[in-house]
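J.: Structure provided below as structure tokens; questions to follow.
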Amino acid sequence: MRRVPRVFLLPAIAAATAILAGCSSGSGGSSSTESEQAMYAAVSKPVMTALSSPPAGHKMVGTAADGLRLAIPDGWVTVQGAAFRRALHDLGLSRAAAKQLQAVVPGRGSANSLDVAARGTGGVAALTSLYCAPADFPAGTSPATGLTTLSEQEFTAANAGNTQLGQTTVDGRTALLSYDQASIGGRSLTVLQYAIAAPGGRACYTTLITEQGPSYEPAFSQLRPGIQVLPTPSS
């Protein structure tokens with residue numbers, strides 16, 4: 001499989017199979033890493049209901065006001081205000097254009113988003129953002145088609161050089177796993193995202209941004225069983 005600057009949409013099982021095949025073409029593309037293989041293999045497995053409680057070494061974050069709850073490792077911390085801006089700085093995102101930042105951090109630290117940082121040597125190593133917004137799918141649009149269109153728009157705005165999409169489920173709902181590589185603010189970032197068709201006509205996002213893709217790709221797929229899609233407070 002060659003890495004090209006375009007979007008691929010594959011069922012999660014097919015995506016896992018394609019990546020596990022080794023991508024050994026001699027046409028100039030790079031082979032997939034073991035961490036990518038593990039990530040796509042994990043999302044090919046059905047998870048119809050979210051965890052009722054966090055596993056050992058994890059804690060729950062998020063409320064109905066955020067639209068999502070998520071089980072995160074104990075060492076990850078929520079960030080807002082100055083801490084959120086510092087996380088953006090550590091990842092090179094403080095120099096991102098407005099459209100780029102919106103694409104990779106959909107909530108952009110607003111009151112309607114929840115942002116979680118994983119600390120590493122010298123600062124924040126990864127930022128995970130939870131955010132829900134009206135999907136505004138055209139009438140009659142299937143969730144998978146609508147989410148694909150939104151994801152394509154986002155990663156076009158991010159000037160992505162390599163984006164792949166795999167259809168999966170999160171908390172029993174139609175979702176897409178997006179894998180993206182983008183150069184933003186002079187940094188080479190990996191962006192991993194679940195875009196989820198949520199009740200109330202919403203699209204909800206769990207997005208992780210890091211320079212250390214191989215370290216966080218398996219960890220990101222392991223977040224999936226702990227993501228709970230919540231109804232809006234008014235529903």
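Letters A, B, ... mark the chains of the structure tokens in the order given; residue numbers begin at 1 per chain; ligand numbers begin at 1, in order shown.
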Identify all residues of segment 12-206 of chain A in helix (DSSP H, G or I) (DSSP on the backbone) and supply them as a VMD selection string.
T.: chain A and resid 12 to 20 34 to 43 82 to 90 93 to 95 98 to 104 143 to 157
J.: Using only C-alpha atoms, please write the residues we just selected to a file, as a PDB file, in the first residue's frame.
T.:
ATOM      1  CA  ALA A  12     -12.323  -1.217   9.582  1.00  0.00           C
ATOM      2  CA  ILE A  13     -11.734  -4.938   9.017  1.00  0.00           C
ATOM      3  CA  ALA A  14     -10.594  -4.326   5.434  1.00  0.00           C
ATOM      4  CA  ALA A  15      -8.324  -1.505   6.588  1.00  0.00           C
ATOM      5  CA  ALA A  16      -6.769  -3.774   9.193  1.00  0.00           C
ATOM      6  CA  THR A  17      -6.280  -6.524   6.620  1.00  0.00           C
ATOM      7  CA  ALA A  18      -4.669  -4.147   4.128  1.00  0.00           C
ATOM      8  CA  ILE A  19      -2.247  -2.766   6.682  1.00  0.00           C
ATOM      9  CA  LEU A  20      -1.454  -6.168   8.135  1.00  0.00           C
ATOM     10  CA  GLU A  34       3.574  -2.238  13.936  1.00  0.00           C
ATOM     11  CA  SER A  35       1.768   0.448  15.931  1.00  0.00           C
ATOM     12  CA  GLU A  36      -0.542   1.190  12.976  1.00  0.00           C
ATOM     13  CA  GLN A  37      -1.191  -2.512  12.551  1.00  0.00           C
ATOM     14  CA  ALA A  38      -2.171  -2.809  16.208  1.00  0.00           C
ATOM     15  CA  MET A  39      -4.438   0.237  15.981  1.00  0.00           C
ATOM     16  CA  TYR A  40      -6.386  -0.956  12.946  1.00  0.00           C
ATOM     17  CA  ALA A  41      -6.568  -4.524  14.236  1.00  0.00           C
ATOM     18  CA  ALA A  42      -8.126  -3.205  17.454  1.00  0.00           C
ATOM     19  CA  VAL A  43     -10.782  -1.107  15.709  1.00  0.00           C
ATOM     20  CA  ALA A  82      -3.268  28.756  30.151  1.00  0.00           C
ATOM     21  CA  ALA A  83      -2.551  25.023  30.468  1.00  0.00           C
ATOM     22  CA  PHE A  84      -4.387  24.343  27.199  1.00  0.00           C
ATOM     23  CA  ARG A  85      -2.453  27.096  25.430  1.00  0.00           C
ATOM     24  CA  ARG A  86       0.794  25.652  26.812  1.00  0.00           C
ATOM     25  CA  ALA A  87      -0.163  22.238  25.400  1.00  0.00           C
ATOM     26  CA  LEU A  88      -0.718  23.815  21.981  1.00  0.00           C
ATOM     27  CA  HIS A  89       2.688  25.485  22.248  1.00  0.00           C
ATOM     28  CA  ASP A  90       4.420  22.235  23.194  1.00  0.00           C
ATOM     29  CA  LEU A  93       0.022  24.203  17.332  1.00  0.00           C
ATOM     30  CA  SER A  94       0.250  27.754  18.634  1.00  0.00           C
ATOM     31  CA  ARG A  95       1.541  28.643  15.146  1.00  0.00           C
ATOM     32  CA  ALA A  98      -7.146  28.990  12.376  1.00  0.00           C
ATOM     33  CA  LYS A  99      -8.518  26.401   9.913  1.00  0.00           C
ATOM     34  CA  GLN A 100      -5.704  23.999  10.714  1.00  0.00           C
ATOM     35  CA  LEU A 101      -6.310  24.280  14.447  1.00  0.00           C
ATOM     36  CA  GLN A 102     -10.041  23.744  13.989  1.00  0.00           C
ATOM     37  CA  ALA A 103      -9.332  20.617  11.955  1.00  0.00           C
ATOM     38  CA  VAL A 104      -7.017  18.944  14.462  1.00  0.00           C
ATOM     39  CA  PRO A 143     -24.088   8.614   9.129  1.00  0.00           C
ATOM     40  CA  ALA A 144     -21.070   7.025   7.431  1.00  0.00           C
ATOM     41  CA  THR A 145     -21.364   9.288   4.376  1.00  0.00           C
ATOM     42  CA  GLY A 146     -21.916  12.399   6.475  1.00  0.00           C
ATOM     43  CA  LEU A 147     -18.966  11.671   8.756  1.00  0.00           C
ATOM     44  CA  THR A 148     -16.749  10.962   5.752  1.00  0.00           C
ATOM     45  CA  THR A 149     -17.600  14.335   4.225  1.00  0.00           C
ATOM     46  CA  LEU A 150     -16.865  16.137   7.514  1.00  0.00           C
ATOM     47  CA  SER A 151     -13.557  14.314   7.948  1.00  0.00           C
ATOM     48  CA  GLU A 152     -12.475  15.077   4.392  1.00  0.00           C
ATOM     49  CA  GLN A 153     -13.247  18.760   4.913  1.00  0.00           C
ATOM     50  CA  GLU A 154     -11.322  18.869   8.193  1.00  0.00           C
ATOM     51  CA  PHE A 155      -8.184  17.242   6.914  1.00  0.00           C
ATOM     52  CA  THR A 156      -8.215  19.237   3.698  1.00  0.00           C
ATOM     53  CA  ALA A 157      -8.153  22.319   5.930  1.00  0.00           C
TER      54      ALA A 157
END
J.: Determine the nearest neighbour of Lys45 of chain A from the options A:Gln228, A:Gln167, A:Thr190, A:Ser178, counting only C-alpha atoms.
T.: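 Smallest separation from Lys45 of chain A among the options: A:Gln167.
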J.: For the atom pair atom CA of Ala65 of chain A and atom CA of Val170 of chain A, what is the interatomic distance in Å to one decimal place?
T.: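 Atom-to-atom, atom CA of Ala65 of chain A and atom CA of Val170 of chain A are spaced 18.7 Å apart.
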J.: Which neighbours of segment 208-215 of chain A fall inside 6 Å, counting only C-alpha atoms, when residues of the same chain fewer than 2 positions from it are skipped, and could you give them as a PyMOL selection string?
T.: chain A and resi 35+126-128+189-192+217
J.: Go ahead and compute the interatomic distance for atom CA of Cys204 of chain A and atom CA of Ala118 of chain A, in Å to one decimal.
T.: 20.9 Å
J.: Taking only C-alpha atoms into account, name the residue in A:Ile72, A:Val61, A:Val77, A:Val229 that is nearest to Thr174 of chain A.
T.: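 Among the listed residues, the smallest separation from Thr174 of chain A belongs to A:Val229.
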